[in-house]
Every structure is written in C-alpha cells, then in structure tokens.
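Student: Contents of final_2.pdb (PDB, C-alpha atoms and all ligand atoms) are below:
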ATOM      1  CA  MET A   1      -3.291   9.858  10.691
ATOM      2  CA  THR A   2       0.421  10.611  10.216
ATOM      3  CA  SER A   3       3.102   7.954  10.474
ATOM      4  CA  SER A   4       6.808   7.944   9.741
ATOM      5  CA  THR A   5       6.362   4.464   8.247
ATOM      6  CA  LEU A   6       4.191   5.811   5.424
ATOM      7  CA  LEU A   7       5.180   8.990   3.609
ATOM      8  CA  ILE A   8       2.436  10.914   1.825
ATOM      9  CA  GLU A   9       3.415  13.422  -0.839
ATOM     10  CA  LYS A  10       0.546  15.414  -2.321
ATOM     11  CA  LYS A  11       1.246  16.574  -5.868
ATOM     12  CA  SER A  12      -1.189  18.919  -7.628
ATOM     13  CA  ASN A  13      -3.436  16.113  -8.905
ATOM     14  CA  TYR A  14      -2.054  12.819  -7.527
ATOM     15  CA  TRP A  15      -0.593  11.483  -4.277
ATOM     16  CA  ILE A  16       2.539   9.434  -3.754
ATOM     17  CA  LEU A  17       2.406   6.938  -0.871
ATOM     18  CA  THR A  18       5.828   5.580   0.089
ATOM     19  CA  LEU A  19       6.171   2.598   2.415
ATOM     20  CA  ASN A  20       8.958   3.724   4.680
ATOM     21  CA  ARG A  21      10.803   1.081   6.706
ATOM     22  CA  PRO A  22      13.711   0.693   4.292
ATOM     23  CA  ASP A  23      15.976  -1.201   6.709
ATOM     24  CA  LYS A  24      13.288  -3.941   6.905
ATOM     25  CA  LEU A  25      12.458  -3.837   3.196
ATOM     26  CA  ASN A  26       9.224  -2.054   4.162
ATOM     27  CA  ALA A  27       7.803  -5.144   5.865
ATOM     28  CA  LEU A  28       4.287  -4.282   6.996
ATOM     29  CA  THR A  29       3.516  -3.533  10.616
ATOM     30  CA  GLU A  30       0.072  -2.967  12.040
ATOM     31  CA  GLU A  31       0.852   0.752  12.274
ATOM     32  CA  MET A  32       1.712   0.863   8.564
ATOM     33  CA  HIS A  33      -1.493  -0.951   7.717
ATOM     34  CA  ARG A  34      -3.539   1.608   9.609
ATOM     35  CA  ALA A  35      -1.690   4.537   8.032
ATOM     36  CA  LEU A  36      -2.112   3.036   4.573
ATOM     37  CA  ALA A  37      -5.821   2.434   5.073
ATOM     38  CA  ALA A  38      -6.321   6.016   6.320
ATOM     39  CA  ALA A  39      -4.363   7.440   3.367
ATOM     40  CA  ILE A  40      -6.373   5.445   0.822
ATOM     41  CA  ASP A  41      -9.640   6.582   2.458
ATOM     42  CA  ALA A  42      -8.463  10.196   2.365
ATOM     43  CA  ALA A  43      -7.404   9.886  -1.297
ATOM     44  CA  ALA A  44     -10.816   8.510  -2.226
ATOM     45  CA  VAL A  45     -12.599  11.670  -1.044
ATOM     46  CA  ASP A  46     -10.068  14.335  -2.072
ATOM     47  CA  ILE A  47     -11.159  15.800  -5.416
ATOM     48  CA  ASN A  48      -7.586  16.865  -6.154
ATOM     49  CA  CYS A  49      -6.289  13.325  -5.840
ATOM     50  CA  ARG A  50      -7.002  11.752  -9.210
ATOM     51  CA  VAL A  51      -4.387   8.978  -9.084
ATOM     52  CA  LEU A  52      -2.542   7.153  -6.307
ATOM     53  CA  LEU A  53       1.094   6.130  -6.700
ATOM     54  CA  LEU A  54       2.346   3.454  -4.314
ATOM     55  CA  THR A  55       6.060   2.746  -3.910
ATOM     56  CA  GLY A  56       8.674   1.797  -1.319
ATOM     57  CA  ALA A  57      11.676   3.559   0.188
ATOM     58  CA  GLY A  58      15.150   2.060  -0.159
ATOM     59  CA  ARG A  59      16.114  -1.154  -1.932
ATOM     60  CA  GLY A  60      12.846  -3.056  -1.382
ATOM     61  CA  PHE A  61       9.217  -2.434  -2.237
ATOM     62  CA  CYS A  62       7.653  -4.517   0.549
ATOM     63  CA  ALA A  63       8.655  -7.822   2.184
ATOM     64  CA  GLY A  64       5.094  -8.633   3.275
ATOM     65  CA  GLN A  65       4.054  -9.033   6.875
ATOM     66  CA  ASP A  66       6.700  -8.016   9.410
ATOM     67  CA  LEU A  67       7.490 -11.432  10.781
ATOM     68  CA  SER A  68       9.021 -10.035  13.966
ATOM     69  CA  GLU A  69       5.452  -9.039  14.957
ATOM     70  CA  ARG A  70       4.498 -12.692  14.555
ATOM     71  CA  LEU A  71       7.219 -14.390  16.601
ATOM     72  CA  MET A  72       5.693 -16.904  18.982
ATOM     73  CA  ALA A  73       6.963 -18.146  22.295
ATOM     74  CA  PRO A  74       7.388 -21.948  22.180
ATOM     75  CA  ASP A  75       4.582 -22.409  24.718
ATOM     76  CA  ALA A  76       2.213 -19.837  23.172
ATOM     77  CA  ALA A  77      -1.230 -20.786  21.878
ATOM     78  CA  THR A  78      -1.389 -21.283  18.114
ATOM     79  CA  PRO A  79      -2.116 -17.955  16.386
ATOM     80  CA  ASP A  80      -5.236 -17.095  14.433
ATOM     81  CA  LEU A  81      -3.793 -15.748  11.187
ATOM     82  CA  GLY A  82      -7.299 -15.638   9.712
ATOM     83  CA  ALA A  83      -8.125 -12.843  12.144
ATOM     84  CA  GLY A  84      -5.087 -10.860  10.949
ATOM     85  CA  LEU A  85      -6.290 -11.218   7.372
ATOM     86  CA  ASP A  86      -9.823 -10.202   8.313
ATOM     87  CA  VAL A  87      -8.696  -7.088  10.146
ATOM     88  CA  LEU A  88      -5.756  -5.844   8.054
ATOM     89  CA  TYR A  89      -4.945  -7.543   4.742
ATOM     90  CA  ASN A  90      -8.357  -8.306   3.301
ATOM     91  CA  PRO A  91      -9.727  -4.797   3.954
ATOM     92  CA  LEU A  92      -6.572  -3.374   2.345
ATOM     93  CA  ILE A  93      -6.937  -5.423  -0.839
ATOM     94  CA  ARG A  94     -10.669  -4.648  -0.982
ATOM     95  CA  LYS A  95      -9.922  -0.943  -0.508
ATOM     96  CA  LEU A  96      -7.344  -0.948  -3.294
ATOM     97  CA  ARG A  97      -9.657  -2.743  -5.701
ATOM     98  CA  ALA A  98     -12.656  -0.573  -4.818
ATOM     99  CA  LEU A  99     -10.834   2.739  -5.128
ATOM    100  CA  PRO A 100     -12.521   4.727  -7.902
ATOM    101  CA  ILE A 101      -9.246   6.357  -9.037
ATOM    102  CA  PRO A 102      -6.380   4.463 -10.724
ATOM    103  CA  ILE A 103      -3.525   3.157  -8.598
ATOM    104  CA  VAL A 104      -0.057   2.985 -10.104
ATOM    105  CA  CYS A 105       2.439   0.808  -8.247
ATOM    106  CA  ALA A 106       6.133   1.550  -8.748
ATOM    107  CA  VAL A 107       7.922  -1.571  -7.546
ATOM    108  CA  ASN A 108      11.392  -0.319  -6.696
ATOM    109  CA  GLY A 109      12.866  -3.580  -5.380
ATOM    110  CA  VAL A 110      11.885  -6.940  -3.961
ATOM    111  CA  ALA A 111       8.138  -7.483  -3.448
ATOM    112  CA  ALA A 112       7.643 -10.570  -1.299
ATOM    113  CA  GLY A 113       4.694 -12.352   0.309
ATOM    114  CA  ALA A 114       1.760 -10.032   0.809
ATOM    115  CA  GLY A 115       4.030  -7.247  -0.495
ATOM    116  CA  ALA A 116       3.948  -8.860  -3.944
ATOM    117  CA  ASN A 117       0.201  -9.341  -3.885
ATOM    118  CA  ILE A 118      -0.487  -5.785  -2.732
ATOM    119  CA  ALA A 119       1.514  -4.569  -5.744
ATOM    120  CA  LEU A 120      -0.391  -6.899  -8.070
ATOM    121  CA  ALA A 121      -3.735  -5.655  -6.744
ATOM    122  CA  CYS A 122      -2.928  -2.186  -8.119
ATOM    123  CA  ASP A 123      -4.132  -1.110 -11.567
ATOM    124  CA  LEU A 124      -0.821  -0.470 -13.315
ATOM    125  CA  VAL A 125       2.362  -2.055 -12.031
ATOM    126  CA  ILE A 126       5.727  -0.781 -13.226
ATOM    127  CA  ALA A 127       8.853  -2.381 -11.798
ATOM    128  CA  ALA A 128      12.516  -1.451 -11.781
ATOM    129  CA  HIS A 129      14.710  -4.000 -13.585
ATOM    130  CA  SER A 130      16.302  -4.912 -10.244
ATOM    131  CA  ALA A 131      12.922  -5.729  -8.662
ATOM    132  CA  THR A 132      11.708  -9.276  -8.072
ATOM    133  CA  PHE A 133       8.343 -10.746  -7.119
ATOM    134  CA  VAL A 134       8.430 -13.621  -4.626
ATOM    135  CA  GLU A 135       5.400 -15.580  -3.443
ATOM    136  CA  ALA A 136       7.486 -16.385  -0.374
ATOM    137  CA  PHE A 137       4.678 -17.828   1.767
ATOM    138  CA  ILE A 138       5.497 -21.521   1.326
ATOM    139  CA  ARG A 139       8.968 -20.925   2.774
ATOM    140  CA  ILE A 140       7.356 -20.226   6.157
ATOM    141  CA  GLY A 141       4.551 -22.779   5.945
ATOM    142  CA  LEU A 142       1.799 -20.464   4.698
ATOM    143  CA  ILE A 143      -0.366 -20.131   1.635
ATOM    144  CA  PRO A 144      -0.393 -17.061  -0.634
ATOM    145  CA  ASP A 145      -2.809 -14.510   0.785
ATOM    146  CA  ALA A 146      -3.705 -10.848   0.147
ATOM    147  CA  GLY A 147      -5.557 -11.967  -2.992
ATOM    148  CA  GLY A 148      -2.615 -13.840  -4.515
ATOM    149  CA  THR A 149      -4.462 -17.088  -5.238
ATOM    150  CA  TRP A 150      -7.150 -15.116  -7.093
ATOM    151  CA  LEU A 151      -4.954 -12.640  -8.931
ATOM    152  CA  LEU A 152      -2.068 -14.849 -10.039
ATOM    153  CA  PRO A 153      -3.904 -17.408 -12.206
ATOM    154  CA  ARG A 154      -5.834 -14.571 -13.840
ATOM    155  CA  LEU A 155      -2.682 -12.611 -14.593
ATOM    156  CA  ILE A 156      -0.251 -15.333 -15.663
ATOM    157  CA  GLY A 157      -2.264 -18.552 -16.037
ATOM    158  CA  ALA A 158      -2.525 -21.698 -13.932
ATOM    159  CA  ALA A 159       0.862 -23.289 -14.675
ATOM    160  CA  ARG A 160       2.991 -20.271 -13.829
ATOM    161  CA  ALA A 161       0.830 -19.348 -10.839
ATOM    162  CA  ARG A 162       1.223 -22.828  -9.384
ATOM    163  CA  ALA A 163       4.963 -22.935  -9.962
ATOM    164  CA  ILE A 164       5.746 -19.605  -8.369
ATOM    165  CA  CYS A 165       3.480 -20.318  -5.384
ATOM    166  CA  LEU A 166       4.618 -23.881  -4.747
ATOM    167  CA  LEU A 167       8.309 -23.231  -5.356
ATOM    168  CA  ALA A 168       8.513 -19.613  -4.131
ATOM    169  CA  GLU A 169      10.652 -18.929  -7.215
ATOM    170  CA  PRO A 170      11.524 -15.240  -7.517
ATOM    171  CA  VAL A 171      10.279 -13.674 -10.757
ATOM    172  CA  GLU A 172      12.533 -10.909 -12.077
ATOM    173  CA  ALA A 173      10.905  -7.725 -13.348
ATOM    174  CA  GLU A 174      11.633  -8.371 -17.028
ATOM    175  CA  LYS A 175      10.193 -11.874 -16.818
ATOM    176  CA  ALA A 176       7.197 -10.480 -14.909
ATOM    177  CA  GLU A 177       6.581  -8.110 -17.795
ATOM    178  CA  SER A 178       6.941 -10.820 -20.438
ATOM    179  CA  TRP A 179       4.516 -13.061 -18.481
ATOM    180  CA  GLY A 180       1.942 -10.296 -18.132
ATOM    181  CA  LEU A 181       2.269 -10.261 -14.345
ATOM    182  CA  ILE A 182       2.962  -6.523 -14.539
ATOM    183  CA  TRP A 183       2.526  -3.809 -17.143
ATOM    184  CA  ARG A 184       6.146  -2.772 -17.678
ATOM    185  CA  SER A 185       9.710  -3.053 -16.385
ATOM    186  CA  VAL A 186      12.085  -0.119 -16.739
ATOM    187  CA  ASP A 187      15.635   0.879 -15.829
ATOM    188  CA  ASP A 188      15.966   1.520 -12.112
ATOM    189  CA  ALA A 189      16.804   5.178 -12.694
ATOM    190  CA  ALA A 190      13.707   5.674 -14.861
ATOM    191  CA  LEU A 191      11.197   4.073 -12.479
ATOM    192  CA  MET A 192       9.841   7.130 -10.686
ATOM    193  CA  ILE A 193      10.038   9.295 -13.802
ATOM    194  CA  GLU A 194       7.919   6.776 -15.741
ATOM    195  CA  ALA A 195       5.543   6.198 -12.838
ATOM    196  CA  GLN A 196       4.975   9.901 -12.287
ATOM    197  CA  SER A 197       4.496  10.584 -15.977
ATOM    198  CA  MET A 198       1.855   7.826 -15.985
ATOM    199  CA  CYS A 199       0.160   9.512 -13.015
ATOM    200  CA  THR A 200       0.177  12.903 -14.740
ATOM    201  CA  ARG A 201      -1.377  11.338 -17.827
ATOM    202  CA  LEU A 202      -4.053   9.462 -15.845
ATOM    203  CA  ALA A 203      -4.837  12.567 -13.778
ATOM    204  CA  LYS A 204      -5.890  14.330 -16.990
ATOM    205  CA  ALA A 205      -7.995  11.407 -18.240
ATOM    206  CA  PRO A 206     -11.805  11.322 -17.888
ATOM    207  CA  ALA A 207     -12.295  10.250 -14.260
ATOM    208  CA  LEU A 208     -15.718   8.642 -14.546
ATOM    209  CA  ALA A 209     -14.672   6.565 -17.568
ATOM    210  CA  LEU A 210     -11.541   5.424 -15.697
ATOM    211  CA  GLU A 211     -13.612   4.362 -12.699
ATOM    212  CA  LEU A 212     -16.219   2.528 -14.760
ATOM    213  CA  THR A 213     -13.520   0.814 -16.834
ATOM    214  CA  LYS A 214     -11.885  -0.502 -13.649
ATOM    215  CA  ARG A 215     -15.221  -1.728 -12.334
ATOM    216  CA  ALA A 216     -16.159  -3.391 -15.613
ATOM    217  CA  LEU A 217     -12.845  -5.245 -15.827
ATOM    218  CA  ASP A 218     -13.181  -6.399 -12.217
ATOM    219  CA  ALA A 219     -16.744  -7.594 -12.779
ATOM    220  CA  SER A 220     -15.623  -9.698 -15.758
ATOM    221  CA  GLY A 221     -13.894 -12.022 -13.290
ATOM    222  CA  VAL A 222     -17.249 -13.485 -12.279
ATOM    223  CA  ASN A 223     -19.714 -12.482 -15.006
ATOM    224  CA  THR A 224     -20.838 -14.491 -18.008
ATOM    225  CA  LEU A 225     -20.438 -12.724 -21.373
ATOM    226  CA  ASP A 226     -24.176 -12.128 -21.334
ATOM    227  CA  LYS A 227     -24.069 -10.363 -17.973
ATOM    228  CA  GLN A 228     -20.983  -8.444 -18.924
ATOM    229  CA  LEU A 229     -22.655  -7.111 -22.072
ATOM    230  CA  ASP A 230     -25.500  -5.795 -19.927
ATOM    231  CA  LEU A 231     -23.031  -4.222 -17.526
ATOM    232  CA  GLU A 232     -21.160  -2.543 -20.407
ATOM    233  CA  ARG A 233     -24.463  -1.150 -21.656
ATOM    234  CA  ASP A 234     -25.314   0.291 -18.236
ATOM    235  CA  PHE A 235     -21.856   1.749 -17.655
ATOM    236  CA  GLN A 236     -21.674   3.193 -21.167
ATOM    237  CA  GLN A 237     -25.034   4.802 -20.612
ATOM    238  CA  ARG A 238     -23.582   6.584 -17.578
ATOM    239  CA  ALA A 239     -20.341   7.510 -19.330
ATOM    240  CA  GLY A 240     -22.287   8.799 -22.327
ATOM    241  CA  ARG A 241     -24.196  11.237 -20.120
ATOM    242  CA  SER A 242     -21.019  12.760 -18.684
ATOM    243  CA  ALA A 243     -19.662  16.178 -19.596
ATOM    244  CA  ASP A 244     -16.328  14.495 -20.294
ATOM    245  CA  TYR A 245     -17.837  12.438 -23.111
ATOM    246  CA  ALA A 246     -19.297  15.565 -24.704
ATOM    247  CA  GLU A 247     -15.916  17.277 -24.333
ATOM    248  CA  GLY A 248     -14.064  14.258 -25.758
ATOM    249  CA  VAL A 249     -16.178  14.211 -28.907
ATOM    250  CA  ARG A 250     -16.054  17.998 -29.271
ATOM    251  CA  ALA A 251     -12.260  18.027 -28.913
ATOM    252  CA  PHE A 252     -11.937  15.229 -31.473
ATOM    253  CA  THR A 253     -13.986  17.056 -34.072
ATOM    254  CA  GLU A 254     -12.170  20.323 -33.358
ATOM    255  CA  LYS A 255      -8.796  18.518 -33.647
ATOM    256  CA  ARG A 256      -7.544  19.632 -30.226
ATOM    257  CA  GLN A 257      -6.638  17.979 -26.931
ATOM    258  CA  PRO A 258      -9.662  17.460 -24.643
ATOM    259  CA  ALA A 259      -9.839  19.263 -21.283
ATOM    260  CA  PHE A 260     -11.584  16.765 -19.016
ATOM    261  CA  SER A 261     -13.296  17.949 -15.837
ATOM    262  CA  GLY A 262     -12.059  15.407 -13.297
ATOM    263  CA  LYS A 263     -15.661  14.810 -12.157
ATOM    264  CA  ARG A 264     -16.871  11.281 -11.476
TER     265      ARG A 264
HETATM  266  C1  LIG B 301      12.088  -8.550   7.424
HETATM  267  C2  LIG B 301      11.152  -9.130   6.558
HETATM  268  C3  LIG B 301       9.887  -9.453   7.086
HETATM  269  C4  LIG B 301      10.574  -8.642   9.133
HETATM  270  C5  LIG B 301      12.933  -8.796   5.440
HETATM  271  N1  LIG B 301       9.651  -9.199   8.385
HETATM  272  N2  LIG B 301      11.794  -8.308   8.713
HETATM  273  C6  LIG B 301      -0.477 -12.359   6.475
HETATM  274  C7  LIG B 301      -1.234 -12.680   7.612
HETATM  275  C8  LIG B 301      -0.674 -13.056   8.797
HETATM  276  C9  LIG B 301       0.514 -13.459   9.061
HETATM  277  C10 LIG B 301       1.530 -13.735   8.172
HETATM  278  O1  LIG B 301       1.652 -13.066   6.988
HETATM  279  C11 LIG B 301       0.782 -12.583   6.169
HETATM  280  C12 LIG B 301       1.253 -12.153   4.891
HETATM  281  C13 LIG B 301       2.686 -12.327   4.529
HETATM  282  O2  LIG B 301       3.231 -11.456   3.927
HETATM  283  S1  LIG B 301       3.511 -13.756   4.919
HETATM  284  C14 LIG B 301       5.063 -13.558   4.110
HETATM  285  C15 LIG B 301       6.004 -12.675   4.902
HETATM  286  N3  LIG B 301       7.186 -12.340   4.153
HETATM  287  C16 LIG B 301       8.170 -13.203   3.920
HETATM  288  O3  LIG B 301       8.124 -14.345   4.273
HETATM  289  C17 LIG B 301       9.401 -12.640   3.261
HETATM  290  C18 LIG B 301      10.538 -12.589   4.256
HETATM  291  N4  LIG B 301      11.705 -11.956   3.661
HETATM  292  C19 LIG B 301      12.521 -12.584   2.800
HETATM  293  O4  LIG B 301      12.305 -13.703   2.406
HETATM  294  C20 LIG B 301      13.721 -11.818   2.336
HETATM  295  O5  LIG B 301      13.992 -10.787   3.247
HETATM  296  C21 LIG B 301      13.560 -11.205   0.931
HETATM  297  C22 LIG B 301      13.497 -12.341  -0.129
HETATM  298  C23 LIG B 301      12.292 -10.365   0.836
HETATM  299  C24 LIG B 301      14.757 -10.290   0.617
HETATM  300  O6  LIG B 301      15.959 -10.973   0.904
HETATM  301  P1  LIG B 301      17.329 -10.149   1.022
HETATM  302  O7  LIG B 301      17.429  -9.193  -0.095
HETATM  303  O8  LIG B 301      18.416 -11.144   1.183
HETATM  304  O9  LIG B 301      17.187  -9.246   2.349
HETATM  305  P2  LIG B 301      17.264  -9.712   3.880
HETATM  306  O10 LIG B 301      16.575 -11.003   4.063
HETATM  307  O11 LIG B 301      18.676  -9.600   4.332
HETATM  308  O12 LIG B 301      16.363  -8.587   4.590
HETATM  309  C25 LIG B 301      16.885  -7.287   4.921
HETATM  310  C26 LIG B 301      16.370  -6.918   6.285
HETATM  311  O13 LIG B 301      14.937  -6.873   6.248
HETATM  312  C27 LIG B 301      16.709  -7.965   7.341
HETATM  313  O14 LIG B 301      16.832  -7.297   8.567
HETATM  314  P3  LIG B 301      18.278  -7.147   9.284
HETATM  315  O15 LIG B 301      17.997  -6.372  10.523
HETATM  316  O16 LIG B 301      18.778  -8.535   9.526
HETATM  317  O17 LIG B 301      19.124  -6.404   8.300
HETATM  318  C28 LIG B 301      15.464  -8.824   7.385
HETATM  319  O18 LIG B 301      15.299  -9.512   8.607
HETATM  320  C29 LIG B 301      14.394  -7.783   7.207
HETATM  321  N5  LIG B 301      13.151  -8.365   6.676
HETATM  322  N6  LIG B 301      11.684  -9.287   5.340
HETATM  323  N7  LIG B 301       8.874  -9.995   6.311
END
Go through the file and emit its structure as structure tokens.
Ligand code: LHQ
Tutor:
Amino acid sequence: MTSSTLLIEKKSNYWILTLNRPDKLNALTEEMHRALAAAIDAAAVDINCRVLLLTGAGRGFCAGQDLSERLMAPDAATPDLGAGLDVLYNPLIRKLRALPIPIVCAVNGVAAGAGANIALACDLVIAAHSATFVEAFIRIGLIPDAGGTWLLPRLIGAARARAICLLAEPVEAEKAESWGLIWRSVDDAALMIEAQSMCTRLAKAPALALELTKRALDASGVNTLDKQLDLERDFQQRAGRSADYAEGVRAFTEKRQPAFSGKR
C-alpha cells in the first residue's frame, strides 16, 4: 500500500518510515494508520530490513489522532472511541512491540497524545533537543491511550507518570533523557545522523539475539524473577545454538570484528 502520508525509504539493510503530514504535525489519519500497519508488516517479512526507523516530516513528530476526523455535530450520537482503539491504535502498538527487529524512533519535534506513546513504544528513542513529549489527552477530556498508562510508569516511575498525564505538562527532550523516558537527546542537526548510525550498527548485530532480548525484556513486565530465569534459560538455549553465537565467539578469540548472518 502506498500513501503520500507515509514515506518509505528502503536503505540497504534498514527502512525509514516518515510520517508525512507536516502542516498538521503529522496528526494520524485512518489512511496513515493503514499505511503504517502495512509498512510494518512488510518490514517484518523482508530479510533485508533488519531495523525500522520511524520519524516525522517537518517541525513535529506526531500530534496524535487527527482531531478533525473526530469532530462531532452537536446532535450526533456519542462516539465509541473504544472501537477506534480496537481497530487502529491497539493493533499498531501491538505490532510495534511484537516486531522481531529493533525499532529506532527519531523524534524530530513535538510528540503529543498517541504520537508520544507511539514513540515510546519503540525500542530506542532519540529526540532532537527541540522536541517535546506531551500527554495531551486530558486537555480534550480523554485518558492516555496507545499504551501510555502501561509504558509511562515503567519508564519514569509513578510520580512523574501521574504528573505528566494529569497536568499534560510538556517534557522537553533533555528532561526526557534525564528521566529515562527516552534513550538520548541530541542537537537537532545531528538527529538523523545519530539515528541512522544507530540503525547501521543494529543492522549488523546478531538478529536472533536482538529479537530474543526484546522479547525477554517485554516478558519481564509480567513475570516473577523465577519465571524470568526460566525464560532466560530457554532463550539462551536458542541463542546458543545459532550460527551467530558461534561466529561471535570465534571472532572474539581471533581478535576481529564478527560478521553476523542476519538470520533469526
Ligand atoms: C492538528 C493536531 C491534531 C488535527 C495539531 N489533529 N490537527 C485515540 C482514539 C480515538 C480518538 C481520540 O484520540 C486518540 C488518541 C489521541 O491521540 S488523542 C490526542 C490528540 N492530540 C492532541 O490532543 C494534540 C493536539 N495538538 C496540540 O495540542 C498542539 O497542536 C501541539 C501541542 C501538538 C503543538 O502545538 P503548536 O506547536 O502550537 O502547533 P499548532 O497547535 O499550531 O498546530 C499546527 C497545525 O497542526 C495546526 O493546523 P493549522 O491549519 O491551524 O495550522 C493544528 O490545528 C494542527 N494540528 N495537532 N491532533
């Protein structure tokens, strides 16, 4: 599926997805959702796509749901926003979290509402210094969705999560980094250089170990230590049988850089 609202650039071993409605700060329409879902599905099965890089065009990353799609006539029946989450947002967050390859998010400007939580659902979030994260939902009478109420307390703790959700206080990129909301904040001009160099590095990393590491970290959200130890044993058993493990150890003993296969 091609769409002018989502640009897809295929590099040799990673893809760049750019949300592309810059005049509306890349607010999400249904069409964008469908294009994004199709692109993520395609990335998951393309052996040459070993990392996904998500970013936004223009001065914003994503302002969440396009509210002009949600305008109601005064006499209209009350909307079922749960259905919108079931059909578009929840599948998107599940898709992002289930993707076996790493997702880098380069937050180029404001990330608001579901736009913030989509960024935070990615594996490595780098933000330009001018970017801000706004859990804007309360301003329009909604609760944080797109996984925000699950992700935020885990990333930054209960007190900060509550404050930014209840007050809709914008969090600047540097503060987001110091809180552990994101991995790193960088100069605006360096954002795409840093993000792409991270993609190049991840694309050369052992793919199965990356996938299993993501899955293990996700599982720790619900597992007891006991269960997690069993899971680590099982995953390590799989990783240990991979050609990439054999290559990693061989390269270490031969004092050279490993050449991983990209196989999962
Ligand atoms: C927008 C938007 C936008 C349309 C800026 N829509 N046009 C899930 C399930 C179901 C339903 C509801 O939602 C959800 C999930 C959600 O995401 S709910 C939360 C939706 N998002 C928001 O409430 C954020 C709304 N936007 C803002 O608060 C501000 O625009 C921020 C703080 C992001 C940026 O402020 P400024 O830098 O001052 O920019 P601006 O407000 O001037 O926006 C620039 C343009 O973008 C402007 O259009 P215009 O034609 O007047 O230049 C805005 O109308 C448009 N825009 N966000 N979500």
Student: Using all atoms listed in the file, determine which residues fall within 8 Å of ligand LIG 301 (chain B), then list them as number ranges by chain.
Tutor: A: 22-28, 60, 62-70, 81-82, 84-85, 89, 110-115, 134-137, 139-140, 142, 144-146
Student: Name the residues captured by the PyMOL selection byres (((chain A and resi 9-13) around 9) and not hetatm) when it is applied to the shown file; answer as JSON, numbers by chain.
Tutor: {"A": [7, 8, 14, 15, 16, 17, 18, 47, 48, 49, 50, 51, 199, 200, 203, 204]}
Student: For this file, the PyMOL selection byres (((chain A and resi 55-59) around 6) and not hetatm) selects which residues, as a PyMOL selection string?
Tutor: chain A and resi 18-20+22+54+60-61+105-107+109
Student: Under the rule that only C-alpha atoms are counted, which of A:Leu99, A:Leu231, A:Leu120, A:Ala176 is the nearest residue to Ala43 in chain A?
Tutor: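 For Ala43 in chain A, the nearest of the given residues is A:Leu99.
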Student: Could you expand the PyMOL selection byres (((chain A and resi 37) around 12) and not hetatm) into the explicit residues it covers here, written as a ChimeraX atom specification?
Tutor: /A:1-3,6,17,30-36,38-44,87-96,99
Student: To one decimal place, how far is CA of Trp150 in chain A from CA of Arg215 in chain A in Å?
Tutor: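 About the pair CA of Trp150 in chain A and CA of Arg215 in chain A: they are 16.5 Å apart.
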Student: I need the residue nearest Ala205 in chain A from this list: A:Ile101, A:Leu152, A:Ile164, A:Leu191. Use all atoms listed in the file for the distance.
Tutor: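 The closest residue to Ala205 in chain A is A:Ile101.
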Student: What separation in Å, quoted to one decimal, exists between CA of Ala131 in chain A and CA of Ala168 in chain A?
Tutor: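 It comes out at 15.3 Å.
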Student: Provide the CA of Ala243 in chain A to CA of Ile103 in chain A distance in Å, to one decimal place.
Tutor: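 Between CA of Ala243 in chain A and CA of Ile103 in chain A the gap works out to 23.5 Å.
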Student: Pick the closest to Ala121 in chain A from A:Arg154, A:Arg162, A:Arg241, A:Arg250: which is it, counting only C-alpha atoms?
Tutor: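 Looking at the shortest contact to Ala121 in chain A, the residue is A:Arg154.
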Student: Restricting the calculation to all atoms listed in the file: of A:Lys214, A:Cys165, A:Asp188, A:Gly147, which residue gets closest to Leu124 in chain A?
Tutor: A:Lys214
Student: List the neighbours of Glu247 in chain A out to 12 Å using all atoms listed in the file; skip same-chain residues closer than 5 positions along the sequence, and give me the result as a VMD selection string.
Tutor: chain A and resid 205 to 206 239 to 242 252 to 262
Student: Rank nothing, just name the residue among A:Ile156, A:Ala127, A:Ser197, A:Leu229 nearest to Arg184 in chain A, using only C-alpha atoms.
Tutor: A:Ala127
Student: Pick the closest to Ala189 in chain A from A:Arg233, A:His129, A:Lys175, A:Arg201: which is it, counting all atoms listed in the file?
Tutor: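 Ranked by minimum distance to Ala189 in chain A, first place goes to A:His129.
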Student: Given 3 Å of margin on each side, can you work out the centre and size in Å (one decimal) of an axis-aligned box holding every listed atom of range 7-14 of chain A, as AutoDock Vina command-line options?
Tutor:
--center_x 0.9 --center_y 14.0 --center_z -2.6 --size_x 14.6 --size_y 15.9 --size_z 18.5
Student: Within 8 Å of (8.6, 2.5, -18.8) in the file's own coordinates, which protein, DNA or RNA residues have an atom, counting only C-alpha atoms? List them as a list of chain:residue names.
Tutor: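 The answer, in the requested form, is A:Ile126, A:Arg184, A:Ser185, A:Val186, A:Asp187, A:Ala190, A:Leu191, A:Glu194, A:Ala195.
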